[in-house]
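This report concerns only the one structure given below.
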Amino acid sequence: MHTDKLLHTLADARREVQAIRPDPSLGPHPGGLTFTRAAYLAADPRHWTAGAHGHADGRRLCARLAERLRGLVHPSWSALADHAAGRLDARAARLLTEHTAQCGGCARRLADMKSKRDGVLRLEQPCPLPCPAAGRPPVELTSADRRWQALLSEDGGAEGRLVLEVRTREVPPSRRLVGVRLRGAGGHERTRFLVLREDGEALRARAAFDLCTLREALGARLEDAVVLALDATQLTAEDRVALLESLPGPEGDGRERAAWCAWLGEAGQERALADEVRRLLHEAPRRLS
C-alpha cells in the first residue's frame with residue numbers, strides 16, 4: 001500500500017474507533033505524533049529527538065503508532081547506508097535492525113549496502129556554506145575503494161550555486177542512478193538523484209544547488225554529505241517526490257535527459273521492485289516527455 005493511502009486509512013480507522021468507544025489516551029494531545037510525522041521517523045530513525053522519545057515513551061497512542069509504522073514504512077536508502085557503515089547511534093541502529101529482521105526486502109537492501117560500502121563518497125568534515133568557502137579550492141571526495149570521486153565547488157555566478165560533480169569508470173547500466181544526501185544542522189536534509197552518463201572514458205553526473213535555498217533548508221553549515229550508486233530496488237515510495245524533482249526539465253541538457261531515459265528503461269526491468277517503485281518508474285518517463 002502506498003504510504004499516503006496507508007496514513008489516510010489509519011486516520012479513518014482511529015476516528016471510527018473513537019466514535020464507537022472514546023478513549024482519552026488515544027485522542028489528539030499537545031505534541032502528539034501525527035501519522036505523517038511517525039512515517040517520517042520510521043523512514044529514518046535518526047530524526048528522533050530526545051523530546052520525541054520521551055513523549056512517545058509516556059503516551060500509549062504515540063508509542064503504538066510509532067511501533068506500527070516502523071513495521072510498515074521502509075527505511076530510506078541513506079539510513080541503510082549509514083547503518084551499513086556503523087554510523088547510527090544505538091537506538092536508531094536497534095530500530096533499523098528490528099525492521100530488517102521482519103522485512104526480507106529491507107534485509108536484502110541492507111546486505112547490498114554492506115557489500116558496496118567501500119564505494120560510498122562522504123564528506124568527513126563539516127564545512128560552512130558555501131562549501132568550499134569563497135576563494136578556497138574545491139572539496140575533493142574519494143571512496144575507500146578509489147573507484148569513485150567527486151568535487152564540491154561554488155559556482156560564482158550571480159545566483160550562487162553549490163555544484164557537485166561525480167565521476168567513475170565502470171558501472172552497470174542498472175546502477176547508474178546516484179543518490180545524494182546533504183545534511184545540515186538539526187538533521188535537516190536535501191536529497192537529489194543523478195544519473196551517470198558517458199563522457200569519454202569516464203561516467204559523470206553533475207548537480208547544482210541554489211545556495212540561498214540550501215542555506216534556508218540546512219542552515220549555515222553542511223554537516224554531512226553522502227553520495228552513492230543505487231539500483232531501483234533501493235528506492236521506496238518515500239523517494240517519489242525527490243526523484244521526480246530531480247528529473248531534467250524540458251530545457252535541460254539533452255545528454256542528461258537521454259541518460260535518465262536509458263536508466264529508467266533498465267530499472268523498469270528489475271524483478272524485485274516494490275509496486276510503488278514500479279509505478280514511479282512508469283510515471284517518470286511521462287514527466288520527461
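Naming works like this for the C-alpha cells: A, B, ... for the chains as they're shown, residue 1 at the start of each chain, ligands 1 onward in shown order.
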Within 9 Å of Glu256 of chain A using only C-alpha atoms, minus same-chain residues under 5 positions, as a list in words: Val195, Leu196, Arg197, Ala205, Pro248 and Cys261 of chain A
Could you pull out all residues of segment 191-285 of chain A with a DSSP call of helix (DSSP H, G or I) and give them as a PDB file with N, CA and C atoms, in the first residue's frame?
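File produced: selection02.pdb:
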```
ATOM      1  N   LEU A 211      22.323  28.185  -3.575  1.00  0.00           N
ATOM      2  CA  LEU A 211      22.887  28.368  -2.233  1.00  0.00           C
ATOM      3  C   LEU A 211      21.907  29.026  -1.267  1.00  0.00           C
ATOM      4  N   CYS A 212      21.130  29.976  -1.732  1.00  0.00           N
ATOM      5  CA  CYS A 212      20.164  30.625  -0.842  1.00  0.00           C
ATOM      6  C   CYS A 212      19.134  29.609  -0.336  1.00  0.00           C
ATOM      7  N   THR A 213      18.617  28.812  -1.251  1.00  0.00           N
ATOM      8  CA  THR A 213      17.641  27.790  -0.870  1.00  0.00           C
ATOM      9  C   THR A 213      18.265  26.765   0.055  1.00  0.00           C
ATOM     10  N   LEU A 214      19.517  26.401  -0.244  1.00  0.00           N
ATOM     11  CA  LEU A 214      20.199  25.399   0.563  1.00  0.00           C
ATOM     12  C   LEU A 214      20.443  25.898   1.982  1.00  0.00           C
ATOM     13  N   ARG A 215      20.842  27.158   2.102  1.00  0.00           N
ATOM     14  CA  ARG A 215      21.067  27.719   3.441  1.00  0.00           C
ATOM     15  C   ARG A 215      19.754  27.791   4.237  1.00  0.00           C
ATOM     16  N   GLU A 216      18.679  28.140   3.567  1.00  0.00           N
ATOM     17  CA  GLU A 216      17.385  28.187   4.253  1.00  0.00           C
ATOM     18  C   GLU A 216      16.992  26.805   4.768  1.00  0.00           C
ATOM     19  N   ALA A 217      17.308  25.779   3.995  1.00  0.00           N
ATOM     20  CA  ALA A 217      16.913  24.422   4.365  1.00  0.00           C
ATOM     21  C   ALA A 217      17.847  23.784   5.383  1.00  0.00           C
ATOM     22  N   LEU A 218      19.147  24.004   5.225  1.00  0.00           N
ATOM     23  CA  LEU A 218      20.141  23.275   6.024  1.00  0.00           C
ATOM     24  C   LEU A 218      20.827  24.118   7.085  1.00  0.00           C
ATOM     25  N   ALA A 232      17.377   0.394  -8.561  1.00  0.00           N
ATOM     26  CA  ALA A 232      15.994   0.761  -8.265  1.00  0.00           C
ATOM     27  C   ALA A 232      15.436   0.027  -7.057  1.00  0.00           C
ATOM     28  N   THR A 233      15.995  -1.129  -6.689  1.00  0.00           N
ATOM     29  CA  THR A 233      15.482  -1.866  -5.538  1.00  0.00           C
ATOM     30  C   THR A 233      15.759  -1.141  -4.225  1.00  0.00           C
ATOM     31  N   GLN A 234      16.665  -0.150  -4.228  1.00  0.00           N
ATOM     32  CA  GLN A 234      16.935   0.612  -3.013  1.00  0.00           C
ATOM     33  C   GLN A 234      15.940   1.749  -2.804  1.00  0.00           C
ATOM     34  N   ALA A 237       8.710   4.194  -1.651  1.00  0.00           N
ATOM     35  CA  ALA A 237       7.663   5.152  -2.024  1.00  0.00           C
ATOM     36  C   ALA A 237       7.994   6.561  -1.538  1.00  0.00           C
ATOM     37  N   GLU A 238       8.779   6.667  -0.449  1.00  0.00           N
ATOM     38  CA  GLU A 238       9.117   7.979   0.099  1.00  0.00           C
ATOM     39  C   GLU A 238      10.056   8.761  -0.822  1.00  0.00           C
ATOM     40  N   ASP A 239      10.687   8.102  -1.805  1.00  0.00           N
ATOM     41  CA  ASP A 239      11.615   8.772  -2.717  1.00  0.00           C
ATOM     42  C   ASP A 239      10.912   9.410  -3.910  1.00  0.00           C
ATOM     43  N   ARG A 240       9.604   9.262  -4.000  1.00  0.00           N
ATOM     44  CA  ARG A 240       8.888   9.702  -5.198  1.00  0.00           C
ATOM     45  C   ARG A 240       9.108  11.178  -5.496  1.00  0.00           C
ATOM     46  N   VAL A 241       8.878  12.032  -4.499  1.00  0.00           N
ATOM     47  CA  VAL A 241       8.972  13.479  -4.729  1.00  0.00           C
ATOM     48  C   VAL A 241      10.387  13.868  -5.137  1.00  0.00           C
ATOM     49  N   ALA A 242      11.393  13.369  -4.398  1.00  0.00           N
ATOM     50  CA  ALA A 242      12.779  13.744  -4.694  1.00  0.00           C
ATOM     51  C   ALA A 242      13.193  13.260  -6.076  1.00  0.00           C
ATOM     52  N   LEU A 243      12.770  12.063  -6.473  1.00  0.00           N
ATOM     53  CA  LEU A 243      13.180  11.555  -7.785  1.00  0.00           C
ATOM     54  C   LEU A 243      12.526  12.351  -8.909  1.00  0.00           C
ATOM     55  N   LEU A 244      11.228  12.654  -8.765  1.00  0.00           N
ATOM     56  CA  LEU A 244      10.559  13.417  -9.817  1.00  0.00           C
ATOM     57  C   LEU A 244      11.121  14.831  -9.910  1.00  0.00           C
ATOM     58  N   GLU A 245      11.467  15.428  -8.775  1.00  0.00           N
ATOM     59  CA  GLU A 245      12.058  16.765  -8.799  1.00  0.00           C
ATOM     60  C   GLU A 245      13.469  16.757  -9.385  1.00  0.00           C
ATOM     61  N   SER A 246      14.128  15.603  -9.389  1.00  0.00           N
ATOM     62  CA  SER A 246      15.491  15.501  -9.927  1.00  0.00           C
ATOM     63  C   SER A 246      15.525  15.347 -11.437  1.00  0.00           C
ATOM     64  N   GLY A 254      20.301  17.720 -23.270  1.00  0.00           N
ATOM     65  CA  GLY A 254      19.796  16.556 -23.993  1.00  0.00           C
ATOM     66  C   GLY A 254      20.492  15.275 -23.597  1.00  0.00           C
ATOM     67  N   ARG A 255      21.783  15.337 -23.293  1.00  0.00           N
ATOM     68  CA  ARG A 255      22.510  14.136 -22.878  1.00  0.00           C
ATOM     69  C   ARG A 255      22.037  13.647 -21.511  1.00  0.00           C
ATOM     70  N   GLU A 256      21.720  14.595 -20.647  1.00  0.00           N
ATOM     71  CA  GLU A 256      21.215  14.215 -19.322  1.00  0.00           C
ATOM     72  C   GLU A 256      19.842  13.556 -19.447  1.00  0.00           C
ATOM     73  N   ARG A 257      18.990  14.112 -20.287  1.00  0.00           N
ATOM     74  CA  ARG A 257      17.670  13.519 -20.496  1.00  0.00           C
ATOM     75  C   ARG A 257      17.784  12.117 -21.076  1.00  0.00           C
ATOM     76  N   ALA A 258      18.719  11.942 -22.026  1.00  0.00           N
ATOM     77  CA  ALA A 258      18.913  10.622 -22.624  1.00  0.00           C
ATOM     78  C   ALA A 258      19.407   9.618 -21.582  1.00  0.00           C
ATOM     79  N   ALA A 259      20.296  10.070 -20.695  1.00  0.00           N
ATOM     80  CA  ALA A 259      20.804   9.179 -19.652  1.00  0.00           C
ATOM     81  C   ALA A 259      19.684   8.749 -18.708  1.00  0.00           C
ATOM     82  N   TRP A 260      18.800   9.684 -18.346  1.00  0.00           N
ATOM     83  CA  TRP A 260      17.666   9.339 -17.493  1.00  0.00           C
ATOM     84  C   TRP A 260      16.734   8.340 -18.193  1.00  0.00           C
ATOM     85  N   CYS A 261      16.448   8.599 -19.457  1.00  0.00           N
ATOM     86  CA  CYS A 261      15.568   7.684 -20.195  1.00  0.00           C
ATOM     87  C   CYS A 261      16.155   6.277 -20.247  1.00  0.00           C
ATOM     88  N   ALA A 262      17.461   6.190 -20.487  1.00  0.00           N
ATOM     89  CA  ALA A 262      18.122   4.881 -20.560  1.00  0.00           C
ATOM     90  C   ALA A 262      18.058   4.175 -19.210  1.00  0.00           C
ATOM     91  N   TRP A 263      18.330   4.924 -18.135  1.00  0.00           N
ATOM     92  CA  TRP A 263      18.298   4.280 -16.823  1.00  0.00           C
ATOM     93  C   TRP A 263      16.886   3.834 -16.455  1.00  0.00           C
ATOM     94  N   LEU A 264      15.887   4.674 -16.712  1.00  0.00           N
ATOM     95  CA  LEU A 264      14.514   4.301 -16.393  1.00  0.00           C
ATOM     96  C   LEU A 264      14.093   3.044 -17.146  1.00  0.00           C
ATOM     97  N   GLY A 265      14.545   2.920 -18.393  1.00  0.00           N
ATOM     98  CA  GLY A 265      14.241   1.717 -19.154  1.00  0.00           C
ATOM     99  C   GLY A 265      14.862   0.478 -18.544  1.00  0.00           C
ATOM    100  N   GLU A 266      16.124   0.589 -18.116  1.00  0.00           N
ATOM    101  CA  GLU A 266      16.811  -0.538 -17.469  1.00  0.00           C
ATOM    102  C   GLU A 266      16.175  -0.859 -16.118  1.00  0.00           C
ATOM    103  N   ALA A 267      15.938   0.174 -15.321  1.00  0.00           N
ATOM    104  CA  ALA A 267      15.433  -0.041 -13.959  1.00  0.00           C
ATOM    105  C   ALA A 267      14.048  -0.664 -13.962  1.00  0.00           C
ATOM    106  N   ASP A 275       5.777  -2.449  -5.617  1.00  0.00           N
ATOM    107  CA  ASP A 275       4.758  -1.953  -6.546  1.00  0.00           C
ATOM    108  C   ASP A 275       4.793  -0.430  -6.660  1.00  0.00           C
ATOM    109  N   GLU A 276       4.993   0.260  -5.511  1.00  0.00           N
ATOM    110  CA  GLU A 276       5.013   1.722  -5.544  1.00  0.00           C
ATOM    111  C   GLU A 276       6.174   2.238  -6.379  1.00  0.00           C
ATOM    112  N   VAL A 277       7.332   1.558  -6.293  1.00  0.00           N
ATOM    113  CA  VAL A 277       8.505   1.982  -7.056  1.00  0.00           C
ATOM    114  C   VAL A 277       8.305   1.692  -8.535  1.00  0.00           C
ATOM    115  N   ARG A 278       7.704   0.570  -8.854  1.00  0.00           N
ATOM    116  CA  ARG A 278       7.435   0.262 -10.266  1.00  0.00           C
ATOM    117  C   ARG A 278       6.511   1.309 -10.881  1.00  0.00           C
ATOM    118  N   ARG A 279       5.508   1.719 -10.132  1.00  0.00           N
ATOM    119  CA  ARG A 279       4.612   2.769 -10.641  1.00  0.00           C
ATOM    120  C   ARG A 279       5.375   4.083 -10.829  1.00  0.00           C
ATOM    121  N   LEU A 280       6.274   4.372  -9.896  1.00  0.00           N
ATOM    122  CA  LEU A 280       7.087   5.586 -10.013  1.00  0.00           C
ATOM    123  C   LEU A 280       7.942   5.553 -11.270  1.00  0.00           C
ATOM    124  N   LEU A 281       8.549   4.412 -11.563  1.00  0.00           N
ATOM    125  CA  LEU A 281       9.408   4.304 -12.738  1.00  0.00           C
ATOM    126  C   LEU A 281       8.609   4.368 -14.032  1.00  0.00           C
ATOM    127  N   HIS A 282       7.337   4.037 -13.974  1.00  0.00           N
ATOM    128  CA  HIS A 282       6.476   4.187 -15.151  1.00  0.00           C
ATOM    129  C   HIS A 282       5.990   5.632 -15.286  1.00  0.00           C
ATOM    130  N   GLU A 283       5.869   6.315 -14.166  1.00  0.00           N
ATOM    131  CA  GLU A 283       5.423   7.714 -14.183  1.00  0.00           C
ATOM    132  C   GLU A 283       6.518   8.649 -14.670  1.00  0.00           C
ATOM    133  N   ALA A 284       7.764   8.384 -14.287  1.00  0.00           N
ATOM    134  CA  ALA A 284       8.862   9.299 -14.561  1.00  0.00           C
ATOM    135  C   ALA A 284       9.067   9.569 -16.054  1.00  0.00           C
ATOM    136  N   PRO A 285       9.033   8.559 -16.947  1.00  0.00           N
ATOM    137  CA  PRO A 285       9.223   8.862 -18.377  1.00  0.00           C
ATOM    138  C   PRO A 285       8.180   9.815 -18.940  1.00  0.00           C
TER     139      PRO A 285
END
```
Selection: 8 Å around segment 117-123 of chain A, only C-alpha atoms, excl. self and same-chain fewer than 4 positions, as a PyMOL selection string: chain A and resi 81+84-85+113+141-150+224-229
Deliver the residues from the most recent selection as a file, using N, CA and C atoms, as a tab-separated table (two decimals), in the first residue's frame.
```tsv
chain	number	residue	atom	x	y	z
A	81	ALA	N	22.40	3.08	4.36
A	81	ALA	CA	23.82	3.27	4.06
A	81	ALA	C	24.59	3.63	5.33
A	84	ALA	N	24.80	0.49	7.48
A	84	ALA	CA	25.81	-0.44	6.95
A	84	ALA	C	27.22	0.00	7.31
A	85	ALA	N	27.41	1.32	7.42
A	85	ALA	CA	28.74	1.86	7.75
A	85	ALA	C	28.96	2.00	9.25
A	113	MET	N	23.80	-2.78	0.68
A	113	MET	CA	24.54	-1.60	1.14
A	113	MET	C	25.87	-2.00	1.79
A	141	LEU	N	36.23	14.49	-2.78
A	141	LEU	CA	35.78	13.30	-2.08
A	141	LEU	C	36.23	12.08	-2.87
A	142	THR	N	36.72	11.07	-2.18
A	142	THR	CA	37.16	9.83	-2.82
A	142	THR	C	36.66	8.65	-2.00
A	143	SER	N	36.10	7.64	-2.66
A	143	SER	CA	35.61	6.47	-1.95
A	143	SER	C	36.78	5.61	-1.46
A	144	ALA	N	36.49	4.76	-0.48
A	144	ALA	CA	37.53	3.90	0.10
A	144	ALA	C	38.13	2.96	-0.94
A	145	ASP	N	37.33	2.52	-1.92
A	145	ASP	CA	37.86	1.62	-2.95
A	145	ASP	C	38.52	2.37	-4.11
A	146	ARG	N	38.55	3.71	-4.02
A	146	ARG	CA	39.20	4.59	-5.01
A	146	ARG	C	38.52	4.58	-6.37
A	147	ARG	N	37.35	3.99	-6.48
A	147	ARG	CA	36.68	3.91	-7.78
A	147	ARG	C	35.75	5.10	-8.05
A	148	TRP	N	35.44	5.87	-7.00
A	148	TRP	CA	34.52	6.99	-7.14
A	148	TRP	C	35.19	8.26	-6.65
A	149	GLN	N	34.99	9.35	-7.38
A	149	GLN	CA	35.49	10.66	-6.98
A	149	GLN	C	34.37	11.69	-7.16
A	150	ALA	N	34.47	12.75	-6.37
A	150	ALA	CA	33.51	13.86	-6.51
A	150	ALA	C	34.19	15.15	-6.12
A	224	ASP	N	27.15	17.05	6.71
A	224	ASP	CA	27.40	15.71	6.18
A	224	ASP	C	26.91	15.65	4.74
A	225	ALA	N	27.59	14.87	3.94
A	225	ALA	CA	27.14	14.60	2.57
A	225	ALA	C	27.44	13.14	2.26
A	226	VAL	N	26.49	12.47	1.64
A	226	VAL	CA	26.66	11.08	1.24
A	226	VAL	C	26.27	10.95	-0.23
A	227	VAL	N	27.12	10.30	-1.00
A	227	VAL	CA	26.88	10.09	-2.43
A	227	VAL	C	27.18	8.63	-2.74
A	228	LEU	N	26.23	7.92	-3.34
A	228	LEU	CA	26.50	6.52	-3.69
A	228	LEU	C	25.60	6.06	-4.82
A	229	ALA	N	26.09	5.04	-5.53
A	229	ALA	CA	25.33	4.45	-6.63
A	229	ALA	C	24.22	3.57	-6.07
```
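The interatomic distance for the pair atom CA of Ser76 of chain A and atom CA of Leu235 of chain A works out to 7.5 Å.
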In segment 100-285 of chain A, DSSP strand (DSSP E or B) residues written as a PyMOL selection string: chain A and resi 121-122+127-128+139-142+149-155+161-168+177-183+189-195+197-199+202-210+221-222+224-230
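Across the model, the gap from atom CA of Asp82 of chain A to atom CA of Arg109 of chain A is 12.5 Å.
Pairwise distance (atom CA of Ala208 of chain A, atom CA of Leu152 of chain A) equals 9.8 Å.
For Arg161 of chain A, the residues within 8 Å (counting only C-alpha atoms, excluding itself and residues fewer than 5 positions away along the chain) are Glu154, Asp155, Gly156, Ala208, Phe209, Asp210 and Leu211 of chain A.
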Output N, CA and C atoms for every residue in the selection just made, as a JSON list (two decimals), in the first residue's frame.
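So the final result, stored in out.json, reads:
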```
[["chain", "number", "residue", "atom", "x", "y", "z"],
["A", 154, "GLU", "N", 31.95, 25.94, -5.63],
["A", 154, "GLU", "CA", 30.97, 27.03, -5.69],
["A", 154, "GLU", "C", 30.98, 27.64, -7.07],
["A", 155, "ASP", "N", 29.80, 27.77, -7.65],
["A", 155, "ASP", "CA", 29.64, 28.48, -8.91],
["A", 155, "ASP", "C", 29.50, 29.96, -8.55],
["A", 156, "GLY", "N", 30.45, 30.75, -8.98],
["A", 156, "GLY", "CA", 30.46, 32.16, -8.58],
["A", 156, "GLY", "C", 29.56, 33.04, -9.40],
["A", 208, "ALA", "N", 23.54, 20.98, -9.40],
["A", 208, "ALA", "CA", 23.77, 22.33, -8.88],
["A", 208, "ALA", "C", 22.64, 22.67, -7.91],
["A", 209, "PHE", "N", 23.00, 23.14, -6.74],
["A", 209, "PHE", "CA", 22.05, 23.51, -5.70],
["A", 209, "PHE", "C", 22.10, 25.01, -5.47],
["A", 210, "ASP", "N", 20.95, 25.66, -5.51],
["A", 210, "ASP", "CA", 20.90, 27.09, -5.22],
["A", 210, "ASP", "C", 21.32, 27.33, -3.77],
["A", 211, "LEU", "N", 22.32, 28.18, -3.58],
["A", 211, "LEU", "CA", 22.89, 28.37, -2.23],
["A", 211, "LEU", "C", 21.91, 29.03, -1.27]]
```
Surrounding residues of Thr191 of chain A excluding itself and chain neighbours under 2 positions, 8 Å, only C-alpha atoms, as number ranges by chain: A: 179-182, 189, 193, 242
